[in-house]
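J.: What follows is a structure written as structure tokens; I'll ask about it next.
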Amino acid sequence: MIPYVRLAYASTATANPAHIRNDLIQIFESAQQYNFNHQLTGVLLYGNGYFFQYIEGRKPEVDRLYQHLLKDLRHQGVSLLFYDVVEQLKFDQWGSCYTHFEPPIEHFFRQHQLAGFNPYLLNNQLIHSFLDVLYSRNSNSSASATQALRGLEANQSSYVMSLKDMATVGVLILLILIPLYLIVTLMPSTSGFFLF
Ligand SMILES: Cc1cc2nc3c(=O)[nH]c(=O)nc-3n(C[C@H](O)[C@H](O)[C@H](O)COP(=O)(O)O)c2cc1C
């Protein structure tokens, strides 16, 4: 039986979340092609400015890709979460690129009382149960990069919506404060006028 290796790492995106879209498209596209050609399977997650990637395949291929990844300027703070030998591959394909907004992933982080998606918090105990979530997610569907980006954009637009809501509240507060301010500042002169 051919021994395979698998690894997972956490890293931090260098692009601002508002500008991550282009990086994600490029990464997903090159990964799709390269990983298929080199029989690498796994998953890449992006969320909250973090990446989580799980890669499995033949040792020379996995090691080569990891060396490339370490030099990639689109992320930093690469932290290897584990690296081990396996007899069987768990993922049947590459292409499971999606974001942490997927309900099973969000649920996993909530269930373990972790404040949102942060792969750096996946310690030795948690990482394997997290992988089980990803394995079952992989067998249920094959989310494409486009779906992942749609998920990301939907959540970004709800974030923008909440910023708009905050702006509305700000304007309302100003509408209340300005008349109040005018009343208070005019009051002394008014009372002064009457006193005089
Ligand atoms: C978070 C992240 C994950 C990546 N995952 C892969 C991947 O799975 N497969 C791949 O071929 N490139 C991936 N890349 C891109 C590689 O780092 C690198 O750009 C690519 O292998 C080309 O390397 P080269 O420019 O040295 O030839 C990823 C980049 C980042 C930032």
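For the structure tokens, the naming scheme is as follows: chains receive sequential letters (A, B, ...) according to their order of presentation, residues are indexed from 1 within each chain, and ligands are indexed from 1 in presentation order.
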Taking only C-alpha atoms and all ligand atoms into account, which residues are within 7 Å of ligand 1, as a PyMOL selection string?
T.: chain A and resi 27+30-32+34-35+44+51+53+65+68-69+71-75
J.: Env of Gly77 (chain A): 8 Å cut, atoms = only C-alpha atoms, seq-sep filter 2 positions within chain, self excluded. Answer as a PyMOL selection string.
T.: chain A and resi 10-12+75+79
J.: Selected residues, all heavy atoms, written as an mmCIF file, in the first residue's frame, please.
T.:
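Result written to selection29.cif:
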```cif
data_model
loop_
_atom_site.group_PDB
_atom_site.id
_atom_site.type_symbol
_atom_site.label_atom_id
_atom_site.label_comp_id
_atom_site.auth_asym_id
_atom_site.auth_seq_id
_atom_site.Cartn_x
_atom_site.Cartn_y
_atom_site.Cartn_z
ATOM 1 N N ALA A 10 -2.641 26.661 9.607
ATOM 2 C CA ALA A 10 -3.436 27.888 9.732
ATOM 3 C C ALA A 10 -2.543 29.028 9.279
ATOM 4 O O ALA A 10 -1.320 28.981 9.472
ATOM 5 C CB ALA A 10 -3.839 28.092 11.190
ATOM 6 N N SER A 11 -3.118 30.025 8.660
ATOM 7 C CA SER A 11 -2.335 31.210 8.290
ATOM 8 C C SER A 11 -3.245 32.419 8.260
ATOM 9 O O SER A 11 -4.466 32.287 8.387
ATOM 10 C CB SER A 11 -1.640 31.012 6.937
ATOM 11 O OG SER A 11 -2.591 30.920 5.908
ATOM 12 N N THR A 12 -2.630 33.589 8.089
ATOM 13 C CA THR A 12 -3.390 34.839 8.076
ATOM 14 C C THR A 12 -3.246 35.489 6.710
ATOM 15 O O THR A 12 -2.123 35.654 6.223
ATOM 16 C CB THR A 12 -2.835 35.802 9.156
ATOM 17 O OG1 THR A 12 -2.857 35.104 10.402
ATOM 18 C CG2 THR A 12 -3.653 37.067 9.274
ATOM 19 N N HIS A 75 -0.259 35.236 2.181
ATOM 20 C CA HIS A 75 -0.559 34.923 3.583
ATOM 21 C C HIS A 75 0.718 34.968 4.410
ATOM 22 O O HIS A 75 1.824 35.008 3.873
ATOM 23 C CB HIS A 75 -1.316 33.590 3.723
ATOM 24 C CG HIS A 75 -0.525 32.375 3.336
ATOM 25 N ND1 HIS A 75 -0.935 31.111 3.631
ATOM 26 C CD2 HIS A 75 0.654 32.237 2.680
ATOM 27 C CE1 HIS A 75 -0.047 30.245 3.178
ATOM 28 N NE2 HIS A 75 0.903 30.902 2.588
ATOM 29 N N SER A 79 1.245 28.372 10.335
ATOM 30 C CA SER A 79 1.497 27.524 11.500
ATOM 31 C C SER A 79 1.022 26.103 11.196
ATOM 32 O O SER A 79 -0.164 25.871 10.963
ATOM 33 C CB SER A 79 0.734 28.110 12.689
ATOM 34 O OG SER A 79 0.715 27.215 13.748
#
```
J.: For region 125-132 of chain A, list every protein, DNA or RNA residue within 12 Å, evaluated using only C-alpha atoms, and leave out those in the same chain fewer than 2 positions away; present the list as an MDAnalysis selection string.
T.: chainID A and resid 6:10 42:44 52:55 80:83 90:91 100 104:109 111:114 117:123 134:139
J.: Apply DSSP to the structure's backbone, then extract all residues of region 64-140 of chain A labelled strand (DSSP E or B) and return them as a list of chain:residue names.
T.: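 Taking region 64-140 of chain A and keeping strand (DSSP E or B) only, one gets A:His75, A:Gln76, A:Gly77, A:Val78, A:Ser79, A:Leu80, A:Leu81, A:Phe82, A:Tyr83, A:Asp84, A:Val85, A:Val86, A:Ser96, A:Cys97, A:Tyr98, A:Thr99.
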J.: Fewer than 6 positions away in the same chain doesn't count, so skip those; otherwise give me all residues within 10 Å of region 86-88 of chain A, counting only C-alpha atoms, as a list of chain:residue names.
T.: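 What passes the distance filter is A:Met1, A:Ile2, A:Pro3, A:Tyr4, A:Val5, A:Arg6, A:Glu56, A:Gly57, A:Arg58.
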J.: Could you save those same residues with N, CA, C and O atoms as a PDB file, in the first residue's frame?
T.:
```pdb
ATOM      1  N   MET A   1       0.832  -1.214   0.000  1.00  0.00           N
ATOM      2  CA  MET A   1       0.000   0.000   0.000  1.00  0.00           C
ATOM      3  C   MET A   1       0.874   1.275   0.000  1.00  0.00           C
ATOM      4  O   MET A   1       1.866   1.322   0.717  1.00  0.00           O
ATOM      5  N   ILE A   2       0.489   2.245  -0.812  1.00  0.00           N
ATOM      6  CA  ILE A   2       1.309   3.467  -0.915  1.00  0.00           C
ATOM      7  C   ILE A   2       1.069   4.346   0.316  1.00  0.00           C
ATOM      8  O   ILE A   2      -0.082   4.670   0.630  1.00  0.00           O
ATOM      9  N   PRO A   3       2.123   4.716   1.024  1.00  0.00           N
ATOM     10  CA  PRO A   3       1.890   5.618   2.155  1.00  0.00           C
ATOM     11  C   PRO A   3       1.706   7.057   1.664  1.00  0.00           C
ATOM     12  O   PRO A   3       2.438   7.515   0.788  1.00  0.00           O
ATOM     13  N   TYR A   4       0.717   7.673   2.191  1.00  0.00           N
ATOM     14  CA  TYR A   4       0.465   9.075   1.857  1.00  0.00           C
ATOM     15  C   TYR A   4       0.780   9.922   3.081  1.00  0.00           C
ATOM     16  O   TYR A   4       0.879   9.400   4.186  1.00  0.00           O
ATOM     17  N   VAL A   5       0.913  11.216   2.872  1.00  0.00           N
ATOM     18  CA  VAL A   5       1.018  12.102   4.037  1.00  0.00           C
ATOM     19  C   VAL A   5      -0.124  13.113   3.964  1.00  0.00           C
ATOM     20  O   VAL A   5      -0.718  13.330   2.898  1.00  0.00           O
ATOM     21  N   ARG A   6      -0.408  13.705   5.098  1.00  0.00           N
ATOM     22  CA  ARG A   6      -1.426  14.748   5.151  1.00  0.00           C
ATOM     23  C   ARG A   6      -0.949  15.812   6.130  1.00  0.00           C
ATOM     24  O   ARG A   6      -0.206  15.515   7.080  1.00  0.00           O
ATOM     25  N   GLU A  56      -3.568  16.448   1.351  1.00  0.00           N
ATOM     26  CA  GLU A  56      -3.113  15.059   1.443  1.00  0.00           C
ATOM     27  C   GLU A  56      -2.680  14.582   0.055  1.00  0.00           C
ATOM     28  O   GLU A  56      -3.172  15.087  -0.962  1.00  0.00           O
ATOM     29  N   GLY A  57      -1.767  13.621   0.042  1.00  0.00           N
ATOM     30  CA  GLY A  57      -1.276  13.100  -1.238  1.00  0.00           C
ATOM     31  C   GLY A  57       0.058  12.404  -1.025  1.00  0.00           C
ATOM     32  O   GLY A  57       0.449  12.125   0.114  1.00  0.00           O
ATOM     33  N   ARG A  58       0.751  12.156  -2.124  1.00  0.00           N
ATOM     34  CA  ARG A  58       2.072  11.520  -1.997  1.00  0.00           C
ATOM     35  C   ARG A  58       3.045  12.505  -1.372  1.00  0.00           C
ATOM     36  O   ARG A  58       2.989  13.711  -1.659  1.00  0.00           O
TER      37      ARG A  58
END
```
J.: So that I can check the secondary structure, give me every residue of region 102-133 of chain A assigned helix (DSSP H, G or I) by backbone DSSP, as a PDB file with N, CA and C atoms, in the first residue's frame.
T.:
```pdb
ATOM      1  N   PRO A 103     -22.613  26.262   7.310  1.00  0.00           N
ATOM      2  CA  PRO A 103     -23.204  25.976   8.624  1.00  0.00           C
ATOM      3  C   PRO A 103     -22.461  24.933   9.461  1.00  0.00           C
ATOM      4  N   PRO A 104     -21.998  23.781   8.909  1.00  0.00           N
ATOM      5  CA  PRO A 104     -21.330  22.809   9.788  1.00  0.00           C
ATOM      6  C   PRO A 104     -20.049  23.359  10.405  1.00  0.00           C
ATOM      7  N   ILE A 105     -19.382  24.247   9.670  1.00  0.00           N
ATOM      8  CA  ILE A 105     -18.109  24.791  10.180  1.00  0.00           C
ATOM      9  C   ILE A 105     -18.378  25.817  11.271  1.00  0.00           C
ATOM     10  N   GLU A 106     -19.338  26.696  11.006  1.00  0.00           N
ATOM     11  CA  GLU A 106     -19.726  27.677  12.030  1.00  0.00           C
ATOM     12  C   GLU A 106     -20.180  26.949  13.282  1.00  0.00           C
ATOM     13  N   HIS A 107     -20.981  25.903  13.064  1.00  0.00           N
ATOM     14  CA  HIS A 107     -21.529  25.149  14.186  1.00  0.00           C
ATOM     15  C   HIS A 107     -20.405  24.529  15.011  1.00  0.00           C
ATOM     16  N   PHE A 108     -19.374  24.003  14.342  1.00  0.00           N
ATOM     17  CA  PHE A 108     -18.265  23.372  15.051  1.00  0.00           C
ATOM     18  C   PHE A 108     -17.596  24.379  15.993  1.00  0.00           C
ATOM     19  N   PHE A 109     -17.332  25.575  15.490  1.00  0.00           N
ATOM     20  CA  PHE A 109     -16.637  26.567  16.316  1.00  0.00           C
ATOM     21  C   PHE A 109     -17.512  27.028  17.484  1.00  0.00           C
ATOM     22  N   ARG A 110     -18.818  27.166  17.206  1.00  0.00           N
ATOM     23  CA  ARG A 110     -19.750  27.568  18.279  1.00  0.00           C
ATOM     24  C   ARG A 110     -19.839  26.486  19.338  1.00  0.00           C
ATOM     25  N   GLN A 111     -19.958  25.231  18.864  1.00  0.00           N
ATOM     26  CA  GLN A 111     -20.107  24.094  19.761  1.00  0.00           C
ATOM     27  C   GLN A 111     -18.916  23.978  20.726  1.00  0.00           C
ATOM     28  N   PRO A 119      -8.610  29.219  12.862  1.00  0.00           N
ATOM     29  CA  PRO A 119      -7.945  27.909  12.797  1.00  0.00           C
ATOM     30  C   PRO A 119      -6.740  27.777  13.716  1.00  0.00           C
ATOM     31  N   TYR A 120      -6.167  28.915  14.154  1.00  0.00           N
ATOM     32  CA  TYR A 120      -5.021  28.827  15.077  1.00  0.00           C
ATOM     33  C   TYR A 120      -5.443  28.186  16.408  1.00  0.00           C
ATOM     34  N   LEU A 121      -6.752  28.224  16.694  1.00  0.00           N
ATOM     35  CA  LEU A 121      -7.235  27.676  17.966  1.00  0.00           C
ATOM     36  C   LEU A 121      -7.485  26.169  17.899  1.00  0.00           C
ATOM     37  N   ASN A 124      -4.484  20.002  19.282  1.00  0.00           N
ATOM     38  CA  ASN A 124      -4.397  18.568  18.952  1.00  0.00           C
ATOM     39  C   ASN A 124      -5.712  17.830  19.128  1.00  0.00           C
ATOM     40  N   GLN A 125      -6.453  18.217  20.176  1.00  0.00           N
ATOM     41  CA  GLN A 125      -7.721  17.511  20.429  1.00  0.00           C
ATOM     42  C   GLN A 125      -8.775  17.892  19.404  1.00  0.00           C
ATOM     43  N   LEU A 126      -8.836  19.199  19.114  1.00  0.00           N
ATOM     44  CA  LEU A 126      -9.922  19.699  18.257  1.00  0.00           C
ATOM     45  C   LEU A 126      -9.718  19.406  16.782  1.00  0.00           C
ATOM     46  N   ILE A 127      -8.452  19.393  16.360  1.00  0.00           N
ATOM     47  CA  ILE A 127      -8.200  19.342  14.918  1.00  0.00           C
ATOM     48  C   ILE A 127      -8.804  18.084  14.282  1.00  0.00           C
ATOM     49  N   HIS A 128      -8.751  16.948  15.000  1.00  0.00           N
ATOM     50  CA  HIS A 128      -9.246  15.722  14.364  1.00  0.00           C
ATOM     51  C   HIS A 128     -10.769  15.689  14.300  1.00  0.00           C
ATOM     52  N   SER A 129     -11.432  16.252  15.310  1.00  0.00           N
ATOM     53  CA  SER A 129     -12.902  16.322  15.179  1.00  0.00           C
ATOM     54  C   SER A 129     -13.272  17.341  14.102  1.00  0.00           C
ATOM     55  N   PHE A 130     -12.464  18.383  13.955  1.00  0.00           N
ATOM     56  CA  PHE A 130     -12.740  19.349  12.886  1.00  0.00           C
ATOM     57  C   PHE A 130     -12.583  18.683  11.516  1.00  0.00           C
ATOM     58  N   LEU A 131     -11.542  17.837  11.393  1.00  0.00           N
ATOM     59  CA  LEU A 131     -11.344  17.136  10.118  1.00  0.00           C
ATOM     60  C   LEU A 131     -12.523  16.214   9.814  1.00  0.00           C
ATOM     61  N   ASP A 132     -13.091  15.604  10.860  1.00  0.00           N
ATOM     62  CA  ASP A 132     -14.268  14.743  10.632  1.00  0.00           C
ATOM     63  C   ASP A 132     -15.413  15.552  10.029  1.00  0.00           C
ATOM     64  N   VAL A 133     -15.563  16.798  10.501  1.00  0.00           N
ATOM     65  CA  VAL A 133     -16.607  17.675   9.937  1.00  0.00           C
ATOM     66  C   VAL A 133     -16.311  17.913   8.455  1.00  0.00           C
TER      67      VAL A 133
END
```
J.: Interatomic distance between CA of Ala13 (chain A) and CA of Gly49 (chain A)?
T.: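 The value is 5.4 Å.
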